[in-house]
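Let me begin by presenting the structure, written as structure tokens, before commenting on it.
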Amino acid sequence: MVQLTKMREEFWDTAPHYGGRKEIWDALRVAAESEVSLAQAIVESAAIIVSNTDLTLCYDERGAKYELPKYVLSEPTNLIQDS
């Protein structure tokens, strides 16, 4: 879990460098870390176009592409517990 948390932090810290707008990356992060109903409201209010229902591929209103790895969106099913 510690390694997963570190990977997520690294992704979100570097995501704006992949292109797109920082405020969209911030909205995607909050949506990814929220309950589904709140995530939907965040995505809609930020005018984010969701191409894949799992949020792995999104676009902003200007057409910039945002790709999110699955490990920032959900807990892996094969996660080994830290000892």
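Note on naming: chains are A, B, ... as they come in the structure tokens, residues start from 1 per chain, ligands start from 1 in the order shown.
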
Assign secondary structure with DSSP using the backbone only, and return the residues of chain A in strand (DSSP E or B) as a CSV table (one decimal) with N, CA and C atoms, in the first residue's frame.
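Heads up, here's the output in states.csv:
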```
chain,number,residue,atom,x,y,z
A,49,ILE,N,-14.6,15.8,-20.8
A,49,ILE,CA,-15.3,14.8,-21.6
A,49,ILE,C,-14.6,13.5,-21.3
A,50,VAL,N,-15.4,12.5,-20.8
A,50,VAL,CA,-14.9,11.2,-20.4
A,50,VAL,C,-15.1,10.3,-21.6
A,57,LEU,N,-9.3,7.7,-19.9
A,57,LEU,CA,-9.1,8.6,-21.0
A,57,LEU,C,-10.2,9.7,-21.0
A,58,CYS,N,-9.7,10.9,-20.9
A,58,CYS,CA,-10.6,12.1,-20.8
A,58,CYS,C,-10.0,13.2,-21.7
A,59,TYR,N,-10.8,14.2,-22.0
A,59,TYR,CA,-10.5,15.3,-22.8
A,59,TYR,C,-11.1,16.6,-22.1
A,65,LYS,N,-5.8,16.0,-24.2
A,65,LYS,CA,-6.0,14.6,-23.8
A,65,LYS,C,-5.4,14.4,-22.4
A,66,TYR,N,-6.1,13.6,-21.6
A,66,TYR,CA,-5.7,13.3,-20.2
A,66,TYR,C,-5.8,11.8,-20.0
A,67,GLU,N,-4.7,11.1,-19.8
A,67,GLU,CA,-4.7,9.7,-19.6
A,67,GLU,C,-4.3,9.4,-18.2
```

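Shortest atom-to-atom contact with Asn52 in chain A among A:Pro69, A:Lys6, A:His17, A:Trp25: A:Pro69, counting only C-alpha atoms.
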
Neighbour list for Ile42 in chain A as a PyMOL selection string, cut-off 8 Å, only C-alpha atoms, skip fewer than 5 positions in-chain: chain A and resi 27-28+30-31

Which parts of chain A does DSSP call alpha helix (DSSP H) when run on the backbone here, written out as number ranges by chain? A: 2-14, 22-32, 36-45

In Å, with one decimal, what is the gap from CA of Glu10 in chain A to CA of Ser45 in chain A? 25.7 Å

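Of the listed residues (A:Leu38, A:Val43, A:Ile48, A:Asp26), A:Asp26 comes nearest to Thr14 in chain A; the distances count only C-alpha atoms.
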
By how many Å are CA of Gly19 in chain A and CA of Thr56 in chain A apart? 15.4 Å

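Pairwise distance (CA of Pro76 in chain A, CA of Gly63 in chain A) equals 29.9 Å.
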
As a PyMOL selection string, please: the residues near Ser74 in chain A (cut-off 12 Å, only C-alpha atoms, same-chain neighbours under 2 positions excluded). chain A and resi 4-5+8+31-36+54-56+68-72+76-79

Those same residues, written as a PDB file, in the first residue's frame with C-alpha atoms?
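Everything below was put into part-v5.pdb:
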```
ATOM      1  CA  LEU A   4       0.951   2.321  -4.330  1.00  0.00           C
ATOM      2  CA  THR A   5       0.504   5.598  -2.454  1.00  0.00           C
ATOM      3  CA  ARG A   8      -0.042   7.800  -7.046  1.00  0.00           C
ATOM      4  CA  ALA A  31     -12.725  13.011  -8.897  1.00  0.00           C
ATOM      5  CA  ALA A  32     -10.473   9.927  -8.795  1.00  0.00           C
ATOM      6  CA  GLU A  33     -10.277  10.136  -5.009  1.00  0.00           C
ATOM      7  CA  SER A  34     -14.033  10.723  -4.486  1.00  0.00           C
ATOM      8  CA  GLU A  35     -17.222   8.703  -4.349  1.00  0.00           C
ATOM      9  CA  VAL A  36     -18.828   8.089  -7.755  1.00  0.00           C
ATOM     10  CA  ASP A  54     -13.397   4.323 -15.913  1.00  0.00           C
ATOM     11  CA  LEU A  55     -11.805   7.808 -16.382  1.00  0.00           C
ATOM     12  CA  THR A  56      -8.646   6.370 -17.947  1.00  0.00           C
ATOM     13  CA  LEU A  68      -4.964   8.239 -16.116  1.00  0.00           C
ATOM     14  CA  PRO A  69      -3.413   4.918 -15.130  1.00  0.00           C
ATOM     15  CA  LYS A  70      -5.756   2.468 -13.442  1.00  0.00           C
ATOM     16  CA  TYR A  71      -3.665   2.433 -10.263  1.00  0.00           C
ATOM     17  CA  VAL A  72      -4.709   6.036  -9.472  1.00  0.00           C
ATOM     18  CA  PRO A  76      -5.512  -3.328  -7.314  1.00  0.00           C
ATOM     19  CA  THR A  77      -7.064  -6.717  -6.639  1.00  0.00           C
ATOM     20  CA  ASN A  78      -3.643  -8.314  -6.211  1.00  0.00           C
ATOM     21  CA  LEU A  79      -2.287  -5.843  -3.670  1.00  0.00           C
TER      22      LEU A  79
END
```

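Comparing the minimum interatomic distances between Glu44 in chain A and each of A:Asp60, A:Tyr18, A:Asp13, A:Arg29, counting only C-alpha atoms, we find that A:Asp60 sits nearest.
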